[in-house]
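File shown: structure-v5.csv. Contents: CSV, C-alpha atoms.
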```csv
chain,number,residue,atom,x,y,z
U,1,MET,CA,-2.9,36.8,9.8
U,2,GLY,CA,-6.0,35.5,8.2
U,3,GLY,CA,-8.1,36.5,5.1
U,4,ALA,CA,-11.8,36.1,4.8
U,5,GLY,CA,-11.5,32.3,4.4
U,6,PHE,CA,-10.0,32.1,7.9
U,7,VAL,CA,-11.7,35.0,9.8
U,8,PHE,CA,-15.3,35.0,8.5
U,9,THR,CA,-16.2,31.3,8.4
U,10,GLY,CA,-16.7,31.2,12.1
U,11,ASN,CA,-14.7,28.0,12.4
U,12,ASN,CA,-11.7,29.7,14.0
U,13,ASP,CA,-13.3,32.2,16.3
U,14,ALA,CA,-12.2,30.6,19.6
U,15,ASP,CA,-8.6,30.4,18.4
U,16,ILE,CA,-8.6,33.9,17.0
U,17,MET,CA,-10.0,35.5,20.2
U,18,HIS,CA,-8.0,33.4,22.6
U,19,ASN,CA,-4.6,33.6,20.9
U,20,SER,CA,-4.9,37.3,19.9
U,21,ALA,CA,-6.1,38.4,23.4
U,22,LEU,CA,-3.3,36.3,25.1
U,23,ILE,CA,-0.6,37.9,22.8
U,24,ASN,CA,-1.8,41.4,23.9
U,25,LEU,CA,-2.3,40.6,27.6
U,26,ASN,CA,1.2,39.0,27.8
U,27,MET,CA,3.0,41.7,25.8
U,28,LEU,CA,1.5,44.5,27.8
U,29,GLU,CA,2.2,42.9,31.1
U,30,ALA,CA,5.8,42.0,30.1
U,31,CYS,CA,6.5,45.5,28.9
U,32,TYR,CA,5.0,47.0,32.1
U,33,LYS,CA,7.1,44.8,34.4
U,34,ARG,CA,10.2,45.8,32.4
U,35,ASN,CA,9.4,49.5,32.5
U,36,ILE,CA,9.1,49.8,28.7
U,37,LYS,CA,8.1,53.4,28.0
U,38,ARG,CA,6.3,53.1,24.6
U,39,ILE,CA,4.5,50.4,22.8
U,40,PHE,CA,2.7,50.2,19.4
U,41,TYR,CA,-0.5,48.2,18.8
U,42,SER,CA,-1.6,47.2,15.3
U,43,SER,CA,-5.4,47.2,15.4
U,44,SER,CA,-7.6,46.6,12.4
U,45,ALA,CA,-10.3,48.2,10.3
U,46,CYS,CA,-12.3,45.0,11.1
U,47,MET,CA,-13.3,46.7,14.4
U,48,TYR,CA,-15.5,49.3,12.7
U,49,PRO,CA,-19.3,48.7,12.9
U,50,LYS,CA,-20.9,46.5,10.3
U,51,TYR,CA,-23.9,48.9,10.0
U,52,ASN,CA,-21.7,51.6,8.5
U,53,GLN,CA,-20.3,49.3,5.8
U,54,MET,CA,-23.4,48.0,4.1
U,55,ASP,CA,-23.2,50.4,1.1
U,56,PRO,CA,-20.2,49.4,-1.1
U,57,ASP,CA,-20.0,52.9,-2.6
U,58,ASN,CA,-20.1,54.9,0.7
U,59,PRO,CA,-18.6,53.0,3.6
U,60,LYS,CA,-18.0,55.0,6.8
U,61,CYS,CA,-14.7,54.2,8.5
U,62,SER,CA,-13.7,57.5,10.2
U,63,GLU,CA,-12.1,57.0,13.6
U,64,ASP,CA,-15.0,58.5,15.5
U,65,SER,CA,-17.4,56.0,14.0
U,66,ALA,CA,-16.1,53.1,16.1
U,67,TYR,CA,-19.0,53.3,18.6
U,68,PRO,CA,-21.7,52.1,19.1
U,69,ALA,CA,-19.6,49.0,18.5
U,70,ALA,CA,-20.7,46.3,16.1
U,71,PRO,CA,-17.8,44.6,14.4
U,72,ASP,CA,-18.6,42.0,11.7
U,73,SER,CA,-16.4,39.3,13.2
U,74,GLU,CA,-15.0,38.0,16.5
U,75,TYR,CA,-11.6,39.1,15.1
U,76,GLY,CA,-12.9,42.6,15.1
U,77,TRP,CA,-14.3,42.4,18.6
U,78,GLU,CA,-10.9,41.2,19.9
U,79,LYS,CA,-9.2,44.1,18.2
U,80,LEU,CA,-11.6,46.5,19.9
U,81,PHE,CA,-11.0,44.9,23.3
U,82,SER,CA,-7.3,45.1,22.8
U,83,GLU,CA,-7.4,48.8,21.8
U,84,ARG,CA,-9.2,49.5,25.1
U,85,LEU,CA,-6.7,47.2,27.0
U,86,TYR,CA,-3.7,49.3,25.7
U,87,LEU,CA,-5.5,52.5,26.5
U,88,ALA,CA,-6.2,51.2,30.0
U,89,TYR,CA,-2.4,50.6,30.5
U,90,LYS,CA,-1.8,54.1,29.4
U,91,LYS,CA,-4.4,55.5,31.8
U,92,ASN,CA,-3.4,53.4,34.8
U,93,TYR,CA,0.3,53.0,34.4
U,94,GLY,CA,1.4,55.9,32.2
U,95,MET,CA,2.7,53.7,29.3
U,96,GLU,CA,3.0,55.6,26.0
U,97,VAL,CA,0.7,53.8,23.7
U,98,ARG,CA,0.3,54.2,19.9
U,99,ILE,CA,-2.6,52.5,18.1
U,100,ALA,CA,-3.2,52.2,14.3
U,101,ARG,CA,-6.1,50.6,12.6
U,102,TYR,CA,-4.6,48.8,9.5
U,103,HIS,CA,-6.7,48.6,6.3
U,104,ASN,CA,-5.7,45.5,4.2
U,105,ILE,CA,-1.9,45.6,4.1
U,106,PHE,CA,-0.3,43.6,1.2
U,107,GLY,CA,3.0,43.0,-0.5
U,108,PRO,CA,5.7,40.4,-1.3
U,109,GLU,CA,6.9,38.0,1.4
U,110,GLY,CA,3.4,37.6,2.7
U,111,THR,CA,1.1,34.6,3.0
U,112,TRP,CA,0.0,33.7,-0.5
U,113,LYS,CA,-1.6,30.2,-0.2
U,114,GLY,CA,-3.0,27.8,2.4
U,115,GLY,CA,-6.3,29.6,3.3
U,116,ARG,CA,-5.0,32.5,5.4
U,117,GLU,CA,-3.9,34.7,2.5
U,118,LYS,CA,-5.8,38.0,1.8
U,119,ALA,CA,-7.5,39.0,-1.4
U,120,PRO,CA,-4.5,40.6,-3.3
U,121,ALA,CA,-2.3,37.6,-2.6
U,122,ALA,CA,-5.0,35.1,-3.4
U,123,LEU,CA,-5.9,36.8,-6.7
U,124,CYS,CA,-2.2,37.1,-7.7
U,125,ARG,CA,-1.8,33.3,-7.0
U,126,LYS,CA,-4.9,32.4,-9.0
U,127,VAL,CA,-3.9,34.6,-11.9
U,128,ALA,CA,-0.4,33.3,-11.9
U,129,MET,CA,-1.6,29.7,-12.0
U,130,ALA,CA,-4.3,30.1,-14.6
U,131,PRO,CA,-3.5,29.6,-18.3
U,132,ASP,CA,-4.2,32.6,-20.6
U,133,GLY,CA,-7.8,32.4,-21.6
U,134,GLY,CA,-8.7,30.4,-18.5
U,135,GLU,CA,-10.8,31.0,-15.4
U,136,ILE,CA,-10.4,32.0,-11.8
U,137,GLU,CA,-12.8,31.6,-8.9
U,138,MET,CA,-13.9,34.5,-6.7
U,139,TRP,CA,-16.1,34.5,-3.6
U,140,GLY,CA,-19.3,36.6,-4.0
U,141,ASP,CA,-20.3,38.8,-6.9
U,142,GLY,CA,-17.0,40.8,-6.8
U,143,LYS,CA,-18.9,44.1,-6.2
U,144,GLN,CA,-17.8,44.4,-2.6
U,145,THR,CA,-15.3,47.2,-2.1
U,146,ARG,CA,-12.0,47.6,-0.3
U,147,SER,CA,-8.8,49.6,-0.2
U,148,PHE,CA,-5.4,48.0,-0.1
U,149,LEU,CA,-2.2,49.6,1.3
U,150,TYR,CA,1.3,48.5,0.2
U,151,ILE,CA,3.6,47.3,3.0
U,152,ASN,CA,6.2,50.1,2.6
U,153,GLU,CA,3.5,52.7,2.9
U,154,CYS,CA,2.2,51.0,6.0
U,155,LEU,CA,5.7,51.1,7.6
U,156,GLU,CA,6.1,54.8,6.8
U,157,GLY,CA,2.7,55.6,8.5
U,158,THR,CA,3.5,53.4,11.4
U,159,ILE,CA,6.9,54.9,12.1
U,160,ARG,CA,5.5,58.4,11.9
U,161,LEU,CA,2.8,57.6,14.4
U,162,THR,CA,5.2,55.7,16.8
U,163,ARG,CA,7.7,58.6,16.8
U,164,SER,CA,5.0,61.2,17.3
U,165,ASP,CA,3.5,62.4,20.6
U,166,TRP,CA,0.0,61.3,19.6
U,167,THR,CA,-1.7,58.1,20.8
U,168,GLY,CA,-4.4,57.5,18.1
U,169,PRO,CA,-6.3,55.3,17.3
U,170,VAL,CA,-5.8,56.2,13.7
U,171,ASN,CA,-6.4,54.7,10.3
U,172,ILE,CA,-3.4,53.6,8.3
U,173,GLY,CA,-4.7,52.6,4.9
U,174,SER,CA,-5.3,53.7,1.3
U,175,GLU,CA,-8.3,55.8,0.1
U,176,GLU,CA,-8.1,54.2,-3.4
U,177,MET,CA,-11.2,52.1,-3.1
U,178,VAL,CA,-11.8,49.3,-5.7
U,179,THR,CA,-14.3,46.5,-6.1
U,180,ILE,CA,-12.8,43.0,-5.9
U,181,ASN,CA,-13.6,42.6,-9.6
U,182,GLN,CA,-11.5,45.6,-10.3
U,183,LEU,CA,-8.7,44.2,-8.2
U,184,ALA,CA,-8.8,41.0,-10.1
U,185,GLU,CA,-8.8,42.9,-13.5
U,186,THR,CA,-5.8,44.9,-12.4
U,187,VAL,CA,-3.9,41.7,-11.6
U,188,MET,CA,-4.8,40.2,-14.9
U,189,GLU,CA,-3.6,43.4,-16.7
U,190,ILE,CA,-0.3,43.2,-14.9
U,191,ALA,CA,0.0,39.5,-15.8
U,192,GLY,CA,-0.9,40.1,-19.4
U,193,LYS,CA,-3.7,37.5,-19.3
U,194,LYS,CA,-7.3,37.5,-20.3
U,195,LEU,CA,-9.3,35.4,-17.8
U,196,SER,CA,-12.9,35.0,-16.9
U,197,ILE,CA,-14.2,35.2,-13.4
U,198,LYS,CA,-16.4,32.4,-11.9
U,199,HIS,CA,-18.3,33.9,-8.9
U,200,VAL,CA,-18.9,31.3,-6.2
U,201,PRO,CA,-20.4,31.4,-2.7
U,202,GLY,CA,-17.9,32.1,0.1
U,203,PRO,CA,-17.2,34.3,3.2
U,204,LEU,CA,-17.2,38.0,2.3
U,205,GLY,CA,-17.1,40.2,5.4
U,206,VAL,CA,-18.6,43.7,5.1
U,207,ARG,CA,-20.0,45.0,1.8
U,208,GLY,CA,-17.8,48.0,1.6
U,209,ARG,CA,-14.7,49.3,3.4
U,210,ASN,CA,-12.3,52.2,2.7
U,211,SER,CA,-9.8,54.0,4.8
U,212,ASP,CA,-10.6,57.5,5.9
U,213,ASN,CA,-7.3,59.4,6.1
U,214,LYS,CA,-8.4,62.9,7.1
U,215,LEU,CA,-7.3,62.4,10.8
U,216,ILE,CA,-3.8,61.0,10.1
U,217,TYR,CA,-3.2,63.8,7.5
U,218,GLU,CA,-4.3,66.4,10.0
U,219,LYS,CA,-2.2,65.0,12.9
U,220,LEU,CA,0.9,63.7,11.1
U,221,GLY,CA,0.8,65.2,7.6
U,222,TRP,CA,1.0,61.8,6.1
U,223,LYS,CA,-0.9,60.2,3.2
U,224,PRO,CA,0.0,57.2,1.1
U,225,SER,CA,1.6,58.0,-2.3
U,226,MET,CA,1.9,54.6,-4.1
U,227,PRO,CA,-1.0,53.7,-6.5
U,228,LEU,CA,-2.5,50.3,-5.9
U,229,LYS,CA,-1.4,49.1,-9.3
U,230,GLU,CA,2.3,49.8,-8.5
U,231,GLY,CA,2.2,47.7,-5.3
U,232,LEU,CA,0.4,44.9,-7.1
U,233,LYS,CA,3.1,44.8,-9.8
U,234,ILE,CA,5.7,44.1,-7.2
U,235,THR,CA,3.5,41.6,-5.3
U,236,TYR,CA,2.4,39.7,-8.4
U,237,ALA,CA,6.0,39.3,-9.6
U,238,TRP,CA,7.0,37.8,-6.2
U,239,ILE,CA,4.0,35.5,-6.0
U,240,LYS,CA,4.4,34.4,-9.7
U,241,GLU,CA,8.0,33.4,-8.7
U,242,GLN,CA,6.7,31.4,-5.7
U,243,VAL,CA,4.2,29.6,-7.9
U,244,GLU,CA,6.9,28.6,-10.4
U,245,LYS,CA,9.2,27.4,-7.7
U,246,ALA,CA,6.4,25.2,-6.3
U,247,LYS,CA,5.8,23.4,-9.6
```
Represent the structure contained in this file as structure tokens.
Amino acid sequence: MGGAGFVFTGNNDADIMHNSALINLNMLEACYKRNIKRIFYSSSACMYPKYNQMDPDNPKCSEDSAYPAAPDSEYGWEKLFSERLYLAYKKNYGMEVRIARYHNIFGPEGTWKGGREKAPAALCRKVAMAPDGGEIEMWGDGKQTRSFLYINECLEGTIRLTRSDWTGPVNIGSEEMVTINQLAETVMEIAGKKLSIKHVPGPLGVRGRNSDNKLIYEKLGWKPSMPLKEGLKITYAWIKEQVEKAK
């Protein structure tokens, strides 16, 4: 896993593409040789075209918008390649394939420091470490938008897809879109702290991204039910505990 600081700097592109592609090539071949009947692949919303995600208020991430392809990172290109790889094994070898495009999954027990953590964990860590009345740093102006899906919701959507008779690809994410500033403010509210935000240059990814859940609701009758704030409460409590243990 890697957040913006790992994926969008360009410094790790060769490792990201090489390692991720090898994982998928090896897993598929191993499953095919052992006559495995069904396999799930976790793709990513990063495979969606950058040109549809320039407006932070109206990003387009419906499943049918994937082509013409123009992901915003090499990570996204590898995800797109691997989707097609899994579908090729389905077409040529009859393997039952299920593909989900994850949108920013978060929760406790995840990476929360070291440079590969994603925005919710990074902000939870920064808020937990900051004294009340202090300051946290944020990459960019904080007006870029995203949606974030709590891990339990992700598992529910994944299990439903995997046990269905439908291949996908399909979005598994939340439609509760927020700015990164709003995400930080929610974490501060949960922590009971008043902090200022110092906006600094840094890797950002696309300007806007939000899950489009029309297709998964139509096919599987599923939509997430947990508000972002409830998932952040659980995640913040866990990360705060890790920060205190590390002192």
>> Env of region 75-91 of chain U: 6 Å cut, atoms = all atoms listed in the file, seq-sep filter 6 positions within chain, self excluded. Answer as a list in words.
In response: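 Once the nearby chain positions are removed, what remains is Met17, Ser43, Cys46 and Met47 of chain U.
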> What's the 8 Å shell around Lys60 (chain U), counting all atoms listed in the file, without same-chain residues fewer than 5 positions away, as a list in words?
Replying inline: Asn52, Gln53, Ser65, Arg209, Asn210 and Asp212 of chain U
> U:Ile197, U:Ile105, U:Ile39, U:Ile99: which is nearest Leu123 (chain U), counting all atoms listed in the file?
Replying inline: U:Ile197
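Straight-line separation from CA of Ala184 (chain U) to CA of Ala119 (chain U): 9.0 Å.
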> Which protein, DNA or RNA residues have an atom at most 12 Å from (-10.4, 38.4, 5.0), counting all atoms listed in the file? List them as a PyMOL selection string.
Replying inline: chain U and resi 1-10+44-46+72-73+75-76+103-106+115-122+139+146+148+202-206+209
>> Residues near Leu149 (chain U), anyone? I mean within 9 Å using all atoms listed in the file, not counting same-chain ones fewer than 6 positions away, as a ChimeraX atom specification.
In response: /U:102-107,172-176,224,226-228,231
> For the atom pair CA of Ala128 (chain U) and CA of Ile180 (chain U), what is the interatomic distance in Å to one decimal place?
Replying inline: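 Pair CA of Ala128 (chain U) / CA of Ile180 (chain U) returns 16.8 Å.
Of note, CA of Ser164 (chain U) and CA of Leu220 (chain U) are spaced 7.8 Å apart.
Using only C-alpha atoms, the shortest contact distance between Val127 (chain U) and any of U:Lys240, U:Tyr217, U:Met95, U:Gly114 is found at U:Lys240.
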> Between U:Arg160, U:Lys223, U:His199, U:Arg125, which has the minimum distance to Glu244 (chain U) (counting all atoms listed in the file)?
Replying inline: U:Arg125
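Among the candidate residues U:Ser196, U:Ile151, U:Asn92, U:Asn24, the one lying nearest to Pro108 (chain U) is U:Ile151, with distances computed using all atoms listed in the file.
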